[in-house]
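Data block for structure-v4.pdb (PDB, C-alpha atoms and all ligand atoms):
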```pdb
MODEL        1
ATOM      1  CA  MET I   6     145.420 148.727 137.365
ATOM      2  CA  TYR I   7     143.593 148.885 134.033
ATOM      3  CA  GLU I   8     146.742 149.076 131.905
ATOM      4  CA  GLN I   9     147.042 146.205 129.462
ATOM      5  CA  LYS I  10     148.878 148.029 126.790
ATOM      6  CA  TYR I  11     151.416 145.449 125.604
ATOM      7  CA  ALA I  12     151.496 141.778 124.749
ATOM      8  CA  THR I  13     154.838 140.022 125.150
ATOM      9  CA  LEU I  14     155.560 137.695 122.242
ATOM     10  CA  ASN I  15     157.238 134.298 122.673
ATOM     11  CA  ASN I  16     160.621 135.887 121.783
ATOM     12  CA  GLY I  17     160.208 138.668 124.385
ATOM     13  CA  VAL I  18     159.285 141.439 121.919
ATOM     14  CA  LYS I  19     156.568 143.780 123.188
ATOM     15  CA  LEU I  20     153.598 144.454 120.916
ATOM     16  CA  PRO I  21     151.011 147.193 121.628
ATOM     17  CA  MET I  22     147.645 145.480 122.294
ATOM     18  CA  LEU I  23     145.858 148.124 120.205
ATOM     19  CA  GLY I  24     146.944 149.110 116.715
ATOM     20  CA  LEU I  25     145.535 150.887 113.689
ATOM     21  CA  GLY I  26     144.237 148.720 110.821
ATOM     22  CA  THR I  27     144.656 150.182 107.338
ATOM     23  CA  PHE I  28     142.730 147.896 104.978
ATOM     24  CA  LYS I  29     140.604 149.980 102.569
ATOM     25  CA  MET I  30     142.444 153.177 103.487
ATOM     26  CA  GLU I  31     143.070 154.973 100.225
ATOM     27  CA  SER I  32     146.703 155.426  99.348
ATOM     28  CA  GLY I  33     147.706 159.102  99.584
ATOM     29  CA  LYS I  34     146.271 161.794 101.824
ATOM     30  CA  GLN I  35     143.668 159.592 103.526
ATOM     31  CA  THR I  36     146.218 157.056 104.791
ATOM     32  CA  VAL I  37     148.953 159.608 105.541
ATOM     33  CA  GLU I  38     146.568 161.705 107.656
ATOM     34  CA  ALA I  39     144.979 158.748 109.486
ATOM     35  CA  VAL I  40     148.360 157.224 110.387
ATOM     36  CA  LYS I  41     149.773 160.577 111.458
ATOM     37  CA  PHE I  42     146.705 161.402 113.551
ATOM     38  CA  ALA I  43     146.688 157.962 115.187
ATOM     39  CA  LEU I  44     150.353 158.241 116.151
ATOM     40  CA  GLN I  45     149.786 161.725 117.541
ATOM     41  CA  THR I  46     146.848 160.318 119.547
ATOM     42  CA  GLY I  47     149.106 157.703 121.147
ATOM     43  CA  TYR I  48     148.847 154.649 118.865
ATOM     44  CA  ARG I  49     152.223 152.954 118.376
ATOM     45  CA  HIS I  50     151.227 150.019 116.185
ATOM     46  CA  ILE I  51     150.203 150.117 112.510
ATOM     47  CA  ASP I  52     148.988 147.104 110.498
ATOM     48  CA  THR I  53     149.357 147.113 106.725
ATOM     49  CA  ALA I  54     150.003 144.638 103.894
ATOM     50  CA  MET I  55     151.328 144.699 100.366
ATOM     51  CA  ILE I  56     147.812 143.937  99.085
ATOM     52  CA  TYR I  57     146.358 147.095 100.747
ATOM     53  CA  GLN I  58     148.434 149.191  98.317
ATOM     54  CA  ASN I  59     149.040 151.866 100.928
ATOM     55  CA  GLU I  60     152.457 150.960 102.383
ATOM     56  CA  GLU I  61     154.091 154.089 100.927
ATOM     57  CA  SER I  62     151.476 156.298 102.555
ATOM     58  CA  VAL I  63     151.788 154.425 105.859
ATOM     59  CA  GLY I  64     155.538 155.100 105.731
ATOM     60  CA  GLN I  65     154.923 158.752 104.951
ATOM     61  CA  GLY I  66     152.396 159.108 107.785
ATOM     62  CA  ILE I  67     154.940 157.671 110.226
ATOM     63  CA  LEU I  68     157.651 160.066 109.002
ATOM     64  CA  GLU I  69     155.317 163.067 109.197
ATOM     65  CA  SER I  70     154.201 162.156 112.736
ATOM     66  CA  GLU I  71     157.783 162.747 113.896
ATOM     67  CA  ILE I  72     157.466 159.776 116.239
ATOM     68  CA  ARG I  73     160.797 157.929 116.323
ATOM     69  CA  ARG I  74     160.870 154.817 114.119
ATOM     70  CA  GLU I  75     161.912 152.609 117.045
ATOM     71  CA  ASP I  76     158.799 153.661 118.957
ATOM     72  CA  VAL I  77     156.389 152.437 116.248
ATOM     73  CA  PHE I  78     155.489 148.776 115.702
ATOM     74  CA  ILE I  79     154.968 148.160 111.965
ATOM     75  CA  THR I  80     153.396 145.000 110.561
ATOM     76  CA  SER I  81     153.198 143.981 106.924
ATOM     77  CA  LYS I  82     152.288 140.743 105.158
ATOM     78  CA  VAL I  83     153.353 138.695 102.159
ATOM     79  CA  TRP I  84     150.498 138.188  99.712
ATOM     80  CA  ASN I  85     149.451 134.761  98.386
ATOM     81  CA  ASP I  86     150.940 134.945  94.882
ATOM     82  CA  GLN I  87     154.317 136.087  96.271
ATOM     83  CA  GLN I  88     154.682 133.108  98.587
ATOM     84  CA  GLY I  89     157.672 130.742  98.212
ATOM     85  CA  TYR I  90     161.251 131.197  99.453
ATOM     86  CA  GLU I  91     162.870 133.556  96.897
ATOM     87  CA  SER I  92     159.700 135.495  96.057
ATOM     88  CA  THR I  93     159.019 136.177  99.749
ATOM     89  CA  LEU I  94     162.535 137.553 100.285
ATOM     90  CA  LYS I  95     161.907 139.857  97.300
ATOM     91  CA  ALA I  96     158.413 140.855  98.511
ATOM     92  CA  PHE I  97     159.846 141.718 101.934
ATOM     93  CA  GLU I  98     162.510 144.025 100.457
ATOM     94  CA  GLU I  99     159.837 145.738  98.342
ATOM     95  CA  SER I 100     157.651 146.328 101.413
ATOM     96  CA  LEU I 101     160.623 147.796 103.312
ATOM     97  CA  LYS I 102     161.299 150.187 100.455
ATOM     98  CA  ARG I 103     157.679 151.316 100.161
ATOM     99  CA  LEU I 104     157.483 151.809 103.944
ATOM    100  CA  SER I 105     160.777 153.782 103.976
ATOM    101  CA  THR I 106     162.174 151.631 106.746
ATOM    102  CA  GLU I 107     165.203 149.391 107.209
ATOM    103  CA  TYR I 108     163.384 146.733 109.225
ATOM    104  CA  LEU I 109     159.881 145.556 110.105
ATOM    105  CA  ASP I 110     158.578 144.762 113.562
ATOM    106  CA  LEU I 111     156.366 141.945 112.307
ATOM    107  CA  TYR I 112     156.023 140.157 108.966
ATOM    108  CA  LEU I 113     153.141 137.740 108.410
ATOM    109  CA  ILE I 114     152.149 135.111 105.879
ATOM    110  CA  HIS I 115     148.823 136.678 104.861
ATOM    111  CA  TRP I 116     146.905 133.423 104.143
ATOM    112  CA  PRO I 117     147.924 129.755 104.393
ATOM    113  CA  GLN I 118     148.920 128.320 101.006
ATOM    114  CA  LYS I 119     150.251 124.928  99.907
ATOM    115  CA  ILE I 120     153.685 126.552  99.597
ATOM    116  CA  SER I 121     153.622 128.235 103.037
ATOM    117  CA  CYS I 122     156.369 126.017 104.544
ATOM    118  CA  GLU I 123     158.770 127.459 101.906
ATOM    119  CA  THR I 124     157.541 130.963 102.680
ATOM    120  CA  TRP I 125     158.155 130.327 106.370
ATOM    121  CA  LYS I 126     161.815 129.430 105.668
ATOM    122  CA  ALA I 127     162.241 132.888 104.159
ATOM    123  CA  LEU I 128     160.621 134.511 107.216
ATOM    124  CA  GLU I 129     162.917 132.520 109.519
ATOM    125  CA  GLU I 130     165.926 133.741 107.549
ATOM    126  CA  LEU I 131     164.752 137.374 107.689
ATOM    127  CA  TYR I 132     164.270 136.997 111.440
ATOM    128  CA  GLU I 133     167.682 135.403 111.987
ATOM    129  CA  LYS I 134     169.326 138.180 109.980
ATOM    130  CA  GLY I 135     167.626 140.790 112.187
ATOM    131  CA  LYS I 136     165.572 142.341 109.382
ATOM    132  CA  VAL I 137     162.315 141.722 111.253
ATOM    133  CA  ARG I 138     161.752 141.642 115.016
ATOM    134  CA  ALA I 139     158.970 139.043 114.948
ATOM    135  CA  ILE I 140     157.427 136.679 112.404
ATOM    136  CA  GLY I 141     154.012 135.115 112.232
ATOM    137  CA  VAL I 142     151.065 133.961 110.207
ATOM    138  CA  SER I 143     147.559 135.106 109.478
ATOM    139  CA  ASN I 144     144.358 133.162 108.866
ATOM    140  CA  PHE I 145     145.953 129.872 109.903
ATOM    141  CA  LYS I 146     143.570 127.201 111.200
ATOM    142  CA  ILE I 147     144.891 124.558 113.625
ATOM    143  CA  LYS I 148     145.629 122.144 110.749
ATOM    144  CA  HIS I 149     147.726 124.804 108.970
ATOM    145  CA  LEU I 150     149.659 125.591 112.158
ATOM    146  CA  GLU I 151     150.276 121.900 112.815
ATOM    147  CA  GLN I 152     151.666 121.421 109.332
ATOM    148  CA  LEU I 153     153.909 124.492 109.574
ATOM    149  CA  ILE I 154     155.224 123.708 113.051
ATOM    150  CA  GLN I 155     156.248 120.181 111.944
ATOM    151  CA  SER I 156     158.955 121.552 109.651
ATOM    152  CA  ALA I 157     159.606 124.945 111.297
ATOM    153  CA  LYS I 158     162.710 125.931 113.252
ATOM    154  CA  ILE I 159     160.810 128.829 114.814
ATOM    155  CA  VAL I 160     157.210 128.646 116.067
ATOM    156  CA  PRO I 161     155.156 131.617 114.748
ATOM    157  CA  MET I 162     154.898 134.446 117.257
ATOM    158  CA  ILE I 163     151.509 135.674 116.034
ATOM    159  CA  ASN I 164     148.391 134.366 114.319
ATOM    160  CA  GLN I 165     146.256 137.245 113.015
ATOM    161  CA  VAL I 166     142.715 135.952 112.426
ATOM    162  CA  GLU I 167     139.143 137.160 112.159
ATOM    163  CA  PHE I 168     138.009 137.630 115.747
ATOM    164  CA  HIS I 169     135.063 139.514 117.249
ATOM    165  CA  PRO I 170     132.125 138.694 119.543
ATOM    166  CA  GLN I 171     130.437 136.653 116.818
ATOM    167  CA  LEU I 172     133.585 134.609 116.012
ATOM    168  CA  VAL I 173     135.595 133.520 119.044
ATOM    169  CA  GLN I 174     137.248 130.346 117.613
ATOM    170  CA  GLU I 175     137.843 128.792 121.050
ATOM    171  CA  ASP I 176     139.746 125.719 119.780
ATOM    172  CA  LEU I 177     142.133 127.901 117.819
ATOM    173  CA  MET I 178     142.569 130.216 120.830
ATOM    174  CA  ASP I 179     143.426 127.228 123.040
ATOM    175  CA  TYR I 180     145.861 125.809 120.489
ATOM    176  CA  CYS I 181     147.618 129.173 120.134
ATOM    177  CA  SER I 182     147.792 129.668 123.870
ATOM    178  CA  LYS I 183     149.312 126.168 124.282
ATOM    179  CA  HIS I 184     152.003 126.967 121.691
ATOM    180  CA  LYS I 185     152.577 130.557 122.940
ATOM    181  CA  ILE I 186     151.298 132.049 119.693
ATOM    182  CA  GLN I 187     149.754 135.473 120.317
ATOM    183  CA  VAL I 188     146.323 135.883 118.669
ATOM    184  CA  GLU I 189     145.560 139.162 116.935
ATOM    185  CA  ALA I 190     142.050 140.164 115.832
ATOM    186  CA  TRP I 191     141.206 141.383 112.356
ATOM    187  CA  SER I 192     137.833 142.994 111.658
ATOM    188  CA  PRO I 193     137.521 143.449 115.447
ATOM    189  CA  LEU I 194     134.560 145.794 114.936
ATOM    190  CA  MET I 195     132.917 143.537 112.346
ATOM    191  CA  HIS I 196     133.400 146.357 109.802
ATOM    192  CA  GLY I 197     131.420 148.639 112.119
ATOM    193  CA  LYS I 198     128.525 146.158 112.529
ATOM    194  CA  VAL I 199     129.254 145.630 116.257
ATOM    195  CA  ILE I 200     126.772 148.390 116.959
ATOM    196  CA  GLU I 201     124.026 145.971 115.849
ATOM    197  CA  LEU I 202     124.964 143.302 118.435
ATOM    198  CA  PRO I 203     121.968 142.531 120.713
ATOM    199  CA  ILE I 204     123.567 143.017 124.112
ATOM    200  CA  SER I 205     126.019 145.804 123.655
ATOM    201  CA  GLN I 206     123.677 148.804 124.031
ATOM    202  CA  LYS I 207     123.027 147.858 127.689
ATOM    203  CA  LEU I 208     126.736 147.464 128.402
ATOM    204  CA  SER I 209     127.430 150.733 126.674
ATOM    205  CA  GLU I 210     125.043 152.509 129.067
ATOM    206  CA  LYS I 211     126.447 150.669 132.107
ATOM    207  CA  TYR I 212     130.093 151.600 131.437
ATOM    208  CA  HIS I 213     129.449 154.983 129.736
ATOM    209  CA  LYS I 214     131.463 153.799 126.771
ATOM    210  CA  SER I 215     130.519 153.345 123.115
ATOM    211  CA  ILE I 216     129.719 149.876 121.812
ATOM    212  CA  ALA I 217     132.948 149.895 119.806
ATOM    213  CA  GLN I 218     134.921 150.674 122.975
ATOM    214  CA  ILE I 219     133.171 147.872 124.882
ATOM    215  CA  VAL I 220     133.997 145.358 122.143
ATOM    216  CA  LEU I 221     137.642 146.480 121.800
ATOM    217  CA  ARG I 222     138.012 146.300 125.588
ATOM    218  CA  TRP I 223     136.518 142.771 125.571
ATOM    219  CA  GLU I 224     139.125 141.791 122.960
ATOM    220  CA  ILE I 225     142.126 143.010 124.940
ATOM    221  CA  GLN I 226     140.735 141.472 128.152
ATOM    222  CA  MET I 227     140.488 138.203 126.172
ATOM    223  CA  GLY I 228     144.255 138.623 125.689
ATOM    224  CA  VAL I 229     143.826 139.309 121.982
ATOM    225  CA  VAL I 230     145.692 142.124 120.211
ATOM    226  CA  THR I 231     143.249 144.263 118.221
ATOM    227  CA  ILE I 232     143.679 146.508 115.168
ATOM    228  CA  PRO I 233     140.484 148.503 114.398
ATOM    229  CA  LYS I 234     140.599 150.557 111.221
ATOM    230  CA  SER I 235     139.295 154.115 111.056
ATOM    231  CA  VAL I 236     140.022 157.156 108.929
ATOM    232  CA  ASN I 237     137.795 159.348 111.077
ATOM    233  CA  GLU I 238     139.608 161.410 113.729
ATOM    234  CA  ALA I 239     136.850 161.127 116.341
ATOM    235  CA  ARG I 240     136.650 157.346 115.900
ATOM    236  CA  ILE I 241     140.458 156.946 115.890
ATOM    237  CA  LYS I 242     140.440 158.685 119.302
ATOM    238  CA  GLU I 243     137.403 156.770 120.533
ATOM    239  CA  ASN I 244     138.953 153.399 119.665
ATOM    240  CA  PHE I 245     142.126 154.296 121.568
ATOM    241  CA  ASP I 246     140.275 155.262 124.746
ATOM    242  CA  ILE I 247     139.818 151.754 126.176
ATOM    243  CA  PHE I 248     142.500 151.567 128.856
ATOM    244  CA  GLN I 249     140.758 153.351 131.738
ATOM    245  CA  PHE I 250     137.950 150.911 132.464
ATOM    246  CA  LYS I 251     137.506 147.182 132.976
ATOM    247  CA  LEU I 252     134.642 144.827 132.082
ATOM    248  CA  SER I 253     133.481 142.501 134.861
ATOM    249  CA  ASP I 254     133.866 138.723 134.412
ATOM    250  CA  ASP I 255     130.088 138.474 134.042
ATOM    251  CA  ASP I 256     129.978 141.061 131.284
ATOM    252  CA  MET I 257     132.962 139.445 129.554
ATOM    253  CA  LYS I 258     130.988 136.199 129.474
ATOM    254  CA  LYS I 259     127.869 137.932 128.145
ATOM    255  CA  ILE I 260     129.887 139.193 125.195
ATOM    256  CA  SER I 261     131.645 135.861 124.611
ATOM    257  CA  ASP I 262     128.196 134.199 124.587
ATOM    258  CA  LEU I 263     127.346 136.167 121.422
ATOM    259  CA  ASN I 264     129.632 133.772 119.540
ATOM    260  CA  THR I 265     127.814 132.069 116.643
ATOM    261  CA  GLY I 266     130.934 130.925 114.803
ATOM    262  CA  VAL I 267     129.766 132.779 111.687
ATOM    263  CA  ARG I 268     132.516 134.537 109.736
ATOM    264  CA  ILE I 269     132.066 137.893 108.049
ATOM    265  CA  GLY I 270     135.267 137.449 106.009
ATOM    266  CA  PRO I 271     136.584 134.614 103.820
ATOM    267  CA  ASP I 272     137.159 131.115 105.192
ATOM    268  CA  PRO I 273     140.914 130.363 104.940
ATOM    269  CA  ASP I 274     140.087 127.147 103.051
ATOM    270  CA  TRP I 275     138.679 129.227 100.160
ATOM    271  CA  MET I 276     141.980 131.078  99.820
ATOM    272  CA  TYR I 277     144.162 127.931  99.675
ATOM    273  CA  MET I 278     145.297 128.108  96.045
ATOM    274  CA  PHE I 279     149.039 128.439  95.509
TER     275      PHE I 279
HETATM  276  N1  LIG I 301     144.987 139.411 107.961
HETATM  277  C1  LIG I 301     143.874 139.545 107.278
HETATM  278  O1  LIG I 301     143.512 138.695 106.456
HETATM  279  C2  LIG I 301     143.032 140.723 107.479
HETATM  280  C3  LIG I 301     143.539 141.789 108.193
HETATM  281  N2  LIG I 301     142.771 142.908 108.397
HETATM  282  C4  LIG I 301     143.378 143.997 109.206
HETATM  283  O2  LIG I 301     142.479 144.267 110.289
HETATM  284  C5  LIG I 301     142.114 145.644 110.268
HETATM  285  C6  LIG I 301     140.735 145.853 110.846
HETATM  286  O3  LIG I 301     139.760 145.144 110.136
HETATM  287  P1  LIG I 301     138.713 145.826 109.134
HETATM  288  O4  LIG I 301     138.299 144.773 108.185
HETATM  289  O5  LIG I 301     139.289 147.058 108.598
HETATM  290  O6  LIG I 301     137.436 146.110 110.000
HETATM  291  P2  LIG I 301     137.076 146.805 111.414
HETATM  292  O7  LIG I 301     136.319 145.792 112.168
HETATM  293  O8  LIG I 301     138.256 147.428 112.019
HETATM  294  O9  LIG I 301     136.038 147.907 110.996
HETATM  295  C7  LIG I 301     136.378 149.008 110.245
HETATM  296  C8  LIG I 301     135.084 149.746 109.915
HETATM  297  O10 LIG I 301     134.444 150.181 111.109
HETATM  298  C9  LIG I 301     134.307 151.605 111.107
HETATM  299  N3  LIG I 301     134.620 152.067 112.459
HETATM  300  C10 LIG I 301     135.848 152.275 113.007
HETATM  301  N4  LIG I 301     135.736 152.673 114.282
HETATM  302  C11 LIG I 301     134.418 152.712 114.570
HETATM  303  C12 LIG I 301     133.687 153.072 115.725
HETATM  304  N5  LIG I 301     134.285 153.471 116.847
HETATM  305  N6  LIG I 301     132.324 153.032 115.655
HETATM  306  C13 LIG I 301     131.703 152.643 114.527
HETATM  307  N7  LIG I 301     132.350 152.309 113.379
HETATM  308  C14 LIG I 301     133.700 152.331 113.406
HETATM  309  C15 LIG I 301     135.294 152.108 110.066
HETATM  310  O11 LIG I 301     134.807 153.296 109.436
HETATM  311  P3  LIG I 301     135.655 154.699 109.456
HETATM  312  O12 LIG I 301     136.996 154.414 108.839
HETATM  313  O13 LIG I 301     134.821 155.597 108.657
HETATM  314  O14 LIG I 301     135.755 155.077 110.903
HETATM  315  C16 LIG I 301     135.293 150.954 109.052
HETATM  316  O15 LIG I 301     134.218 151.056 108.160
HETATM  317  C17 LIG I 301     142.241 145.998 108.775
HETATM  318  O16 LIG I 301     142.182 147.374 108.545
HETATM  319  C18 LIG I 301     143.531 145.309 108.428
HETATM  320  O17 LIG I 301     144.628 146.061 108.878
HETATM  321  C19 LIG I 301     141.486 142.972 107.925
HETATM  322  C20 LIG I 301     140.952 141.949 107.171
HETATM  323  C21 LIG I 301     141.685 140.747 106.899
HETATM  324  O1  LIG I 302     143.671 141.598 104.797
HETATM  325  C1  LIG I 302     142.836 141.417 103.924
HETATM  326  C2  LIG I 302     141.928 142.445 103.483
HETATM  327  O2  LIG I 302     141.019 142.068 102.518
HETATM  328  C3  LIG I 302     141.375 141.113 101.563
HETATM  329  C4  LIG I 302     140.294 140.876 100.578
HETATM  330  O3  LIG I 302     140.284 141.884  99.638
HETATM  331  C5  LIG I 302     141.650 139.906 102.342
HETATM  332  O4  LIG I 302     141.881 138.820 101.533
HETATM  333  C6  LIG I 302     142.797 140.140 103.215
HETATM  334  O5  LIG I 302     142.974 139.134 104.096
ENDMDL
END
```

Rewrite the structure from the file as structure tokens, please.
Ligand SMILES: NC(=O)C1=CN([C@@H]2O[C@H](COP(=O)(O)OP(=O)(O)OC[C@H]3O[C@@H](n4cnc5c(N)ncnc54)[C@H](OP(=O)(O)O)[C@@H]3O)[C@@H](O)[C@H]2O)C=CC1
Ligand SMILES: O=C1CO[C@H](CO)[C@@H](O)[C@@H]1O
Amino acid sequence: MYEQKYATLNNGVKLPMLGLGTFKMESGKQTVEAVKFALQTGYRHIDTAMIYQNEESVGQGILESEIRREDVFITSKVWNDQQGYESTLKAFEESLKRLSTEYLDLYLIHWPQKISCETWKALEELYEKGKVRAIGVSNFKIKHLEQLIQSAKIVPMINQVEFHPQLVQEDLMDYCSKHKIQVEAWSPLMHGKVIELPISQKLSEKYHKSIAQIVLRWEIQMGVVTIPKSVNEARIKENFDIFQFKLSDDDMKKISDLNTGVRIGPDPDWMYMF
């Protein structure tokens, strides 16, 4: 009754609600070991990006885990200065090579740019050719989605945005829900700062779960896919152990009420350059 392990995207593809984030994981042993350990723990979803400079190590960690490729959901993203039709097709092939895979499960436009409609055409082509199972965007505000959807053949399947108890972005959530765009949370633990949230200690005692677990559980009960990053084995395990309990509606609301609308990461408008 507590299982909420998969989201179904608007094209029917199933995406594990909990994945491993890899931003700031050092390329080499640190990433290989974290990815391998996460997969052995039960994770089946890894989020990376060209800009994280660890795709090769993510690929190696997956190979060393001995989990079958088709059982792992791999996401990567095209960086801002590689956007545009031809350059995105090239960036995609380079990511595939570094990840030692023949296809991706999800490819995202990392940040909205002036040229993103051209980038999207490349993603649509990759999707139609079967090189990627789902395509989406990241850090898109409503205005960026509106602009993209006007000229798109395919509506994005995912919008990966900053999301945590302090930043709920209700209007964006409603817009995405209306257009069947799955929301995915980045920095779901506020870089570890969730432990400083005013209310969470009480909830932690009530449910016998850590504050991080309470917050990750709140995210998946909000219907949001979440990708906490950790290189620490105990925390990788802890973050995965969120499927055997359920927060009450009242407690869900208490956490949602912590929303101040204050970002901890960049505002997408600051990144709108190319
Ligand atoms: N699309 C985008 O623009 C962006 C995407 N992302 C993606 O989202 C992922 C997650 O976001 P990220 O910014 O990494 O931040 P997170 O909110 O996932 O926080 C990661 C930090 O929290 C610590 N941590 C992990 N688990 C726990 C725990 N149980 N208790 C206390 N501290 C913990 C980690 O330390 P330790 O490793 O030592 O455990 C690390 O310092 C990224 O890794 C990346 O894949 C992130 C930013 C932007
Ligand atoms: O995913 C990300 C991680 O951090 C980068 C900053 O260095 C962000 O721009 C990016 O969105």

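By chain and then residue number, the residues within 10 Å of Ile225 (chain I) are I:Gln9, I:Lys10, I:Tyr11, I:Ala12, I:Met22, I:Leu23, I:Glu189, I:Ala190, I:Val220, I:Val230, I:Thr231, I:Ile247, I:Phe248, counting all atoms listed in the file and disregarding those fewer than 5 positions away in sequence.
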
Applying the PyMOL selection byres (((not hetatm)) within 8 of (chain I and resi 301)) to the file I just gave you, which residues come out? Please list them as JSON, numbers by chain. {"I": [25, 26, 27, 28, 29, 30, 51, 52, 53, 54, 82, 115, 116, 143, 144, 165, 166, 167, 190, 191, 192, 193, 194, 195, 196, 197, 198, 199, 200, 215, 216, 217, 218, 231, 232, 233, 234, 235, 236, 237, 238, 240, 241, 243, 244, 270]}

Test item: residues at most 9 Å from region 74-80 of chain I, all atoms listed in the file, excluding those fewer than 4 positions along its chain, as a ChimeraX atom specification: /I:20-21,24,44,48-54,67-68,106,108-113

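Using only C-alpha atoms and all ligand atoms for every distance, the candidate list I:Leu104, I:Val142, I:Ile72, I:Met227 yields I:Val142 as the residue closest to ligand LIG 302 (chain I).
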
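Residue membership of the PyMOL selection byres (((chain I and resi 204) around 12) and not hetatm) in the shown file amounts to I:Pro170, I:Gln171, I:Val199, I:Ile200, I:Glu201, I:Leu202, I:Pro203, I:Ser205, I:Gln206, I:Lys207, I:Leu208, I:Ser209, I:Glu210, I:Lys211, I:Ile216, I:Ile219, I:Val220, I:Asp256, I:Met257, I:Lys258, I:Lys259, I:Ile260, I:Ser261, I:Asp262, I:Leu263, I:Asn264.
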
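The two atoms in question, CA of Asp272 (chain I) and CA of Leu153 (chain I), are spaced 18.5 Å apart.
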
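Taking all atoms listed in the file into account, ligand LIG 302 (chain I) lies nearest to I:Val83 out of the set I:Lys102, I:Val83, I:Lys146, I:Leu252.
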